[in-house]
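Enquirer: My file is protein_34.csv. It has CSV, N, CA and C atoms:
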```csv
chain,number,residue,atom,x,y,z
I,1,MET,N,6.1,-7.7,17.4
I,1,MET,CA,6.1,-6.4,16.9
I,1,MET,C,4.9,-5.6,17.6
I,2,ASN,N,5.1,-4.3,17.6
I,2,ASN,CA,4.1,-3.5,18.3
I,2,ASN,C,3.6,-2.4,17.4
I,3,TRP,N,2.4,-2.6,16.9
I,3,TRP,CA,1.8,-1.6,16.0
I,3,TRP,C,0.8,-0.7,16.7
I,4,PRO,N,0.5,0.4,16.1
I,4,PRO,CA,-0.5,1.3,16.8
I,4,PRO,C,-1.9,0.6,16.8
I,5,ASN,N,-2.7,1.1,17.7
I,5,ASN,CA,-4.0,0.6,17.9
I,5,ASN,C,-5.0,1.3,17.0
I,6,ASP,N,-4.9,0.9,15.7
I,6,ASP,CA,-5.8,1.5,14.7
I,6,ASP,C,-6.1,0.4,13.6
I,7,ALA,N,-6.8,0.7,12.6
I,7,ALA,CA,-7.2,-0.3,11.6
I,7,ALA,C,-6.0,-0.9,10.9
I,8,ASP,N,-5.0,-0.1,10.6
I,8,ASP,CA,-3.8,-0.7,9.9
I,8,ASP,C,-3.1,-1.6,10.9
I,9,GLY,N,-2.9,-1.2,12.1
I,9,GLY,CA,-2.3,-2.0,13.1
I,9,GLY,C,-3.0,-3.3,13.3
I,10,ASP,N,-4.4,-3.3,13.2
I,10,ASP,CA,-5.2,-4.5,13.4
I,10,ASP,C,-4.8,-5.4,12.2
I,11,VAL,N,-4.7,-4.9,11.0
I,11,VAL,CA,-4.4,-5.8,9.9
I,11,VAL,C,-3.0,-6.4,10.1
I,12,MET,N,-2.0,-5.6,10.5
I,12,MET,CA,-0.7,-6.2,10.8
I,12,MET,C,-0.7,-7.3,11.8
I,13,ARG,N,-1.5,-7.1,12.9
I,13,ARG,CA,-1.6,-8.1,13.9
I,13,ARG,C,-2.3,-9.4,13.4
I,14,ARG,N,-3.3,-9.2,12.6
I,14,ARG,CA,-3.9,-10.4,12.0
I,14,ARG,C,-3.0,-11.2,11.1
I,15,LEU,N,-2.2,-10.4,10.3
I,15,LEU,CA,-1.2,-11.1,9.4
I,15,LEU,C,-0.2,-11.8,10.2
I,16,GLN,N,0.3,-11.2,11.3
I,16,GLN,CA,1.3,-11.9,12.2
I,16,GLN,C,0.7,-13.2,12.8
I,17,ARG,N,-0.5,-13.1,13.3
I,17,ARG,CA,-1.2,-14.3,13.9
I,17,ARG,C,-1.3,-15.4,12.8
I,18,GLY,N,-1.5,-15.0,11.6
I,18,GLY,CA,-1.7,-16.0,10.5
I,18,GLY,C,-0.3,-16.5,10.0
I,19,GLY,N,0.8,-16.1,10.6
I,19,GLY,CA,2.1,-16.6,10.2
I,19,GLY,C,2.8,-15.9,9.1
I,20,PHE,N,2.3,-14.7,8.7
I,20,PHE,CA,2.9,-13.9,7.7
I,20,PHE,C,4.4,-13.5,8.1
I,21,SER,N,5.3,-13.6,7.1
I,21,SER,CA,6.7,-13.2,7.4
I,21,SER,C,6.9,-11.8,7.0
I,22,PHE,N,7.2,-11.0,7.9
I,22,PHE,CA,7.5,-9.6,7.7
I,22,PHE,C,9.0,-9.4,7.3
I,23,ASP,N,9.8,-10.4,7.3
I,23,ASP,CA,11.2,-10.4,7.0
I,23,ASP,C,11.5,-10.5,5.5
I,24,ARG,N,10.5,-10.9,4.7
I,24,ARG,CA,10.7,-11.1,3.3
I,24,ARG,C,9.9,-10.2,2.4
I,25,GLU,N,10.4,-9.9,1.2
I,25,GLU,CA,9.7,-9.1,0.3
I,25,GLU,C,8.5,-9.9,-0.2
I,26,THR,N,7.4,-9.3,-0.5
I,26,THR,CA,6.2,-9.9,-1.1
I,26,THR,C,5.5,-8.9,-2.0
I,27,GLU,N,4.6,-9.4,-2.8
I,27,GLU,CA,3.9,-8.4,-3.6
I,27,GLU,C,2.8,-7.8,-2.8
I,28,ILE,N,2.7,-6.5,-2.7
I,28,ILE,CA,1.7,-5.8,-1.9
I,28,ILE,C,0.9,-5.0,-2.9
I,29,ASP,N,-0.4,-5.1,-2.8
I,29,ASP,CA,-1.3,-4.2,-3.6
I,29,ASP,C,-2.3,-3.5,-2.7
I,30,PHE,N,-2.5,-2.3,-3.1
I,30,PHE,CA,-3.5,-1.5,-2.3
I,30,PHE,C,-4.2,-0.5,-3.2
I,31,ASN,N,-5.3,0.0,-2.8
I,31,ASN,CA,-6.1,1.0,-3.6
I,31,ASN,C,-5.9,2.3,-2.9
I,32,ILE,N,-5.9,3.3,-3.7
I,32,ILE,CA,-6.0,4.7,-3.3
I,32,ILE,C,-7.3,5.3,-3.9
I,33,ASP,N,-8.3,5.5,-3.0
I,33,ASP,CA,-9.6,6.0,-3.4
I,33,ASP,C,-9.6,7.5,-3.4
I,34,PHE,N,-10.5,8.1,-4.3
I,34,PHE,CA,-10.6,9.5,-4.4
I,34,PHE,C,-12.1,9.9,-4.4
I,35,ASP,N,-12.3,11.1,-3.8
I,35,ASP,CA,-13.6,11.7,-3.8
I,35,ASP,C,-13.9,12.3,-5.1
I,36,GLN,N,-12.9,12.8,-5.8
I,36,GLN,CA,-13.1,13.4,-7.1
I,36,GLN,C,-12.1,12.7,-8.1
I,37,TRP,N,-12.6,12.4,-9.2
I,37,TRP,CA,-11.9,11.7,-10.2
I,37,TRP,C,-11.8,12.6,-11.5
I,38,PRO,N,-10.7,12.7,-12.2
I,38,PRO,CA,-9.4,12.0,-11.9
I,38,PRO,C,-8.7,12.8,-10.8
I,39,PRO,N,-7.7,12.2,-10.2
I,39,PRO,CA,-6.8,12.8,-9.2
I,39,PRO,C,-5.9,13.8,-9.9
I,40,ASP,N,-5.3,14.7,-9.1
I,40,ASP,CA,-4.3,15.6,-9.7
I,40,ASP,C,-3.2,14.8,-10.3
I,41,SER,N,-2.7,15.2,-11.4
I,41,SER,CA,-1.7,14.4,-12.2
I,41,SER,C,-0.4,14.4,-11.4
I,42,SER,N,-0.1,15.3,-10.5
I,42,SER,CA,1.1,15.2,-9.7
I,42,SER,C,1.2,14.0,-8.8
I,43,LEU,N,0.0,13.4,-8.5
I,43,LEU,CA,0.0,12.3,-7.6
I,43,LEU,C,0.8,11.1,-8.2
I,44,ILE,N,0.7,10.9,-9.5
I,44,ILE,CA,1.5,9.8,-10.1
I,44,ILE,C,3.0,10.0,-9.9
I,45,GLY,N,3.4,11.2,-10.1
I,45,GLY,CA,4.8,11.6,-9.8
I,45,GLY,C,5.3,11.3,-8.4
I,46,ILE,N,4.4,11.7,-7.5
I,46,ILE,CA,4.7,11.4,-6.1
I,46,ILE,C,4.8,9.9,-5.8
I,47,LEU,N,3.9,9.1,-6.3
I,47,LEU,CA,4.0,7.7,-6.2
I,47,LEU,C,5.3,7.1,-6.8
I,48,GLN,N,5.6,7.6,-8.0
I,48,GLN,CA,6.8,7.1,-8.6
I,48,GLN,C,8.1,7.5,-7.9
I,49,ASN,N,8.1,8.6,-7.2
I,49,ASN,CA,9.3,9.0,-6.4
I,49,ASN,C,9.3,8.2,-5.1
I,50,GLU,N,8.2,7.9,-4.5
I,50,GLU,CA,8.2,7.2,-3.2
I,50,GLU,C,8.3,5.7,-3.5
I,51,LEU,N,7.8,5.2,-4.5
I,51,LEU,CA,7.8,3.7,-4.8
I,51,LEU,C,8.2,3.5,-6.3
I,52,PRO,N,9.5,3.7,-6.6
I,52,PRO,CA,9.9,3.7,-8.0
I,52,PRO,C,9.6,2.4,-8.7
I,53,SER,N,9.5,1.3,-8.0
I,53,SER,CA,9.2,0.0,-8.7
I,53,SER,C,7.8,-0.4,-8.8
I,54,ALA,N,6.9,0.5,-8.3
I,54,ALA,CA,5.5,0.3,-8.2
I,54,ALA,C,4.8,0.3,-9.6
I,55,LYS,N,3.8,-0.5,-9.8
I,55,LYS,CA,3.0,-0.5,-11.0
I,55,LYS,C,1.7,0.1,-10.6
I,56,VAL,N,1.3,1.2,-11.3
I,56,VAL,CA,0.1,1.9,-10.9
I,56,VAL,C,-0.9,1.8,-12.1
I,57,SER,N,-2.1,1.5,-11.8
I,57,SER,CA,-3.2,1.4,-12.8
I,57,SER,C,-4.4,2.2,-12.4
I,58,ALA,N,-5.0,2.9,-13.3
I,58,ALA,CA,-6.2,3.7,-13.0
I,58,ALA,C,-7.4,2.8,-13.2
I,59,HIS,N,-8.4,3.0,-12.3
I,59,HIS,CA,-9.7,2.3,-12.4
I,59,HIS,C,-10.8,3.4,-12.4
I,60,ASP,N,-12.0,3.0,-12.2
I,60,ASP,CA,-13.1,4.0,-12.2
I,60,ASP,C,-12.9,5.2,-11.3
I,61,ASP,N,-12.6,5.0,-10.1
I,61,ASP,CA,-12.5,6.1,-9.1
I,61,ASP,C,-11.4,5.8,-8.1
I,62,TYR,N,-10.4,5.0,-8.5
I,62,TYR,CA,-9.3,4.7,-7.6
I,62,TYR,C,-8.1,4.3,-8.4
I,63,LEU,N,-6.9,4.3,-7.8
I,63,LEU,CA,-5.7,3.8,-8.4
I,63,LEU,C,-5.3,2.5,-7.7
I,64,LEU,N,-4.9,1.5,-8.4
I,64,LEU,CA,-4.4,0.3,-7.9
I,64,LEU,C,-2.9,0.3,-7.9
I,65,VAL,N,-2.3,0.1,-6.8
I,65,VAL,CA,-0.8,0.2,-6.7
I,65,VAL,C,-0.3,-1.2,-6.4
I,66,LYS,N,0.7,-1.7,-7.1
I,66,LYS,CA,1.3,-3.0,-6.8
I,66,LYS,C,2.8,-2.7,-6.7
I,67,VAL,N,3.4,-3.3,-5.6
I,67,VAL,CA,4.8,-3.1,-5.4
I,67,VAL,C,5.4,-4.3,-4.7
I,68,ARG,N,6.6,-4.7,-5.0
I,68,ARG,CA,7.3,-5.8,-4.3
I,68,ARG,C,8.2,-5.2,-3.3
I,69,ALA,N,7.9,-5.5,-2.0
I,69,ALA,CA,8.7,-4.9,-0.9
I,69,ALA,C,8.4,-5.6,0.4
I,70,ARG,N,9.2,-5.3,1.4
I,70,ARG,CA,8.9,-5.8,2.7
I,70,ARG,C,7.7,-5.0,3.3
I,71,LEU,N,6.7,-5.7,3.8
I,71,LEU,CA,5.6,-5.0,4.4
I,71,LEU,C,5.9,-4.4,5.7
I,72,THR,N,5.7,-3.1,5.8
I,72,THR,CA,5.9,-2.4,7.1
I,72,THR,C,4.7,-1.6,7.4
I,73,TYR,N,4.5,-1.2,8.6
I,73,TYR,CA,3.4,-0.3,9.0
I,73,TYR,C,3.5,1.0,8.2
I,74,ALA,N,4.7,1.5,8.1
I,74,ALA,CA,4.8,2.8,7.4
I,74,ALA,C,4.4,2.7,5.9
I,75,LEU,N,4.7,1.6,5.3
I,75,LEU,CA,4.4,1.4,3.9
I,75,LEU,C,2.9,1.4,3.8
```
Write the structure described by the file as structure tokens, please.
Expert:
Amino acid sequence: MNWPNDADGDVMRRLQRGGFSFDRETEIDFNIDFDQWPPDSSLIGILQNELPSAKVSAHDDYLLVKVRARLTYAL
């Protein structure tokens, strides 16, 4: 696979070297950090539209998002 030469592409290349299977769904979790808390309430709606199966939980200054999906660069 050919990913862009950036930090996210680096992560994808490390996963591939480690034997990660990009063909299967897996649980993916990531943080969305904010300079100002709380975020605009419309963000939760956007997340639910884009990732309807995601579980979103609020923490001190970030949202934790968990979703079961195939890992892709775009995701």
Enquirer: So what do you get for atom CA of Ala54 of chain I versus atom N of Trp3 of chain I, distance-wise?
Expert: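 Separation between atom CA of Ala54 of chain I and atom N of Trp3 of chain I: 25.5 Å.
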Enquirer: Which residues, written as JSON, numbers by chain, have at least one atom at most 10 Å from Asp23 of chain I, with only C-alpha atoms counted and residues fewer than 5 positions away on the same chain left out?
Expert: {"I": [69, 70, 71, 72]}
Enquirer: Within 9 Å of (3.6, -5.1, -10.3) (coordinates as in the file), grab all the protein and nucleic acid residues, counting only C-alpha atoms, and write them out as JSON, numbers by chain.
Expert: {"I": [27, 28, 29, 53, 54, 55, 56, 65, 66, 67, 68]}
Enquirer: Rounded to one decimal place, report the atom C of Asp10 of chain I-atom C of Tyr62 of chain I distance in Å.
Expert: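 So the two atoms, atom C of Asp10 of chain I and atom C of Tyr62 of chain I, lie 23.0 Å apart.
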Enquirer: Grab the atom CA of Leu51 of chain I to atom CA of Gly19 of chain I distance for me, in Å with one decimal place.
Expert: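 If I compute the distance from atom CA of Leu51 of chain I to atom CA of Gly19 of chain I, I get 25.9 Å.
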Enquirer: Please return as a list in words: the residues of chain I that backbone DSSP assigns to helix (DSSP H, G or I).
Expert: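 DSSP on the backbone gives helix (DSSP H, G or I) at Ala7, Asp8, Gly9, Asp10, Val11, Met12, Arg13, Arg14, Leu15, Gln16, Arg17, Ser42, Leu43, Ile44, Gly45, Ile46, Leu47, Gln48, Asn49 and Glu50 of chain I.
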Enquirer: Save segment 2-75 of chain I to disk from that block, C-alpha atoms included, as an mmCIF file, in the first residue's frame.
Expert:
```
data_model
loop_
_atom_site.group_PDB
_atom_site.id
_atom_site.type_symbol
_atom_site.label_atom_id
_atom_site.label_comp_id
_atom_site.auth_asym_id
_atom_site.auth_seq_id
_atom_site.Cartn_x
_atom_site.Cartn_y
_atom_site.Cartn_z
ATOM 1 C CA ASN I 2 1.149 3.523 -0.665
ATOM 2 C CA TRP I 3 0.332 6.165 1.960
ATOM 3 C CA PRO I 4 1.251 9.864 1.956
ATOM 4 C CA ASN I 5 4.558 10.912 3.463
ATOM 5 C CA ASP I 6 3.121 12.368 6.678
ATOM 6 C CA ALA I 7 2.639 11.356 10.317
ATOM 7 C CA ASP I 8 -0.529 9.348 9.585
ATOM 8 C CA GLY I 9 1.146 7.590 6.665
ATOM 9 C CA ASP I 10 4.057 6.740 8.970
ATOM 10 C CA VAL I 11 1.646 5.075 11.407
ATOM 11 C CA MET I 12 0.080 3.046 8.595
ATOM 12 C CA ARG I 13 3.523 1.897 7.388
ATOM 13 C CA ARG I 14 4.531 0.852 10.928
ATOM 14 C CA LEU I 15 1.306 -1.118 11.308
ATOM 15 C CA GLN I 16 1.899 -2.839 7.974
ATOM 16 C CA ARG I 17 5.495 -3.739 8.915
ATOM 17 C CA GLY I 18 4.126 -5.171 12.163
ATOM 18 C CA GLY I 19 1.781 -7.491 10.281
ATOM 19 C CA PHE I 20 -1.478 -5.607 10.844
ATOM 20 C CA SER I 21 -4.287 -6.787 8.550
ATOM 21 C CA PHE I 22 -6.000 -3.895 6.779
ATOM 22 C CA ASP I 23 -8.518 -6.343 5.273
ATOM 23 C CA ARG I 24 -10.434 -6.985 8.505
ATOM 24 C CA GLU I 25 -12.528 -4.824 10.771
ATOM 25 C CA THR I 26 -10.949 -3.989 14.091
ATOM 26 C CA GLU I 27 -11.750 -1.720 17.009
ATOM 27 C CA ILE I 28 -10.193 1.672 16.344
ATOM 28 C CA ASP I 29 -9.993 4.376 18.961
ATOM 29 C CA PHE I 30 -8.718 7.890 18.614
ATOM 30 C CA ASN I 31 -8.817 11.210 20.419
ATOM 31 C CA ILE I 32 -10.050 14.519 19.107
ATOM 32 C CA ASP I 33 -8.311 17.297 21.027
ATOM 33 C CA PHE I 34 -9.681 20.826 21.419
ATOM 34 C CA ASP I 35 -8.087 24.158 22.174
ATOM 35 C CA GLN I 36 -11.350 25.322 23.760
ATOM 36 C CA TRP I 37 -13.622 23.107 25.818
ATOM 37 C CA PRO I 38 -16.395 22.194 25.448
ATOM 38 C CA PRO I 39 -16.551 21.807 21.664
ATOM 39 C CA ASP I 40 -19.469 23.074 19.647
ATOM 40 C CA SER I 41 -22.406 20.708 20.190
ATOM 41 C CA SER I 42 -22.810 20.234 16.425
ATOM 42 C CA LEU I 43 -19.593 18.186 16.403
ATOM 43 C CA ILE I 44 -21.301 15.208 18.044
ATOM 44 C CA GLY I 45 -23.936 15.245 15.298
ATOM 45 C CA ILE I 46 -21.243 15.327 12.636
ATOM 46 C CA LEU I 47 -19.483 12.358 14.235
ATOM 47 C CA GLN I 48 -22.736 10.414 14.457
ATOM 48 C CA ASN I 49 -23.482 11.098 10.776
ATOM 49 C CA GLU I 50 -19.981 10.123 9.631
ATOM 50 C CA LEU I 51 -19.532 7.179 12.015
ATOM 51 C CA PRO I 52 -22.997 6.016 13.113
ATOM 52 C CA SER I 53 -21.667 3.000 15.033
ATOM 53 C CA ALA I 54 -19.064 5.020 16.952
ATOM 54 C CA LYS I 55 -19.082 5.377 20.701
ATOM 55 C CA VAL I 56 -18.068 8.883 21.759
ATOM 56 C CA SER I 57 -17.122 9.832 25.303
ATOM 57 C CA ALA I 58 -16.108 13.230 26.624
ATOM 58 C CA HIS I 59 -13.015 13.676 28.786
ATOM 59 C CA ASP I 60 -11.314 16.764 30.251
ATOM 60 C CA ASP I 61 -10.397 18.469 26.979
ATOM 61 C CA TYR I 62 -10.883 15.814 24.316
ATOM 62 C CA LEU I 63 -13.362 13.330 22.893
ATOM 63 C CA LEU I 64 -12.522 9.635 22.770
ATOM 64 C CA VAL I 65 -14.030 7.931 19.723
ATOM 65 C CA LYS I 66 -14.258 4.142 19.375
ATOM 66 C CA VAL I 67 -15.496 2.488 16.210
ATOM 67 C CA ARG I 68 -15.332 -0.991 14.686
ATOM 68 C CA ALA I 69 -14.263 -0.655 11.063
ATOM 69 C CA ARG I 70 -11.588 -1.437 8.509
ATOM 70 C CA LEU I 71 -8.660 0.866 9.140
ATOM 71 C CA THR I 72 -7.969 3.127 6.175
ATOM 72 C CA TYR I 73 -5.881 6.235 5.759
ATOM 73 C CA ALA I 74 -9.029 8.289 5.114
ATOM 74 C CA LEU I 75 -10.619 7.114 8.360
#
```
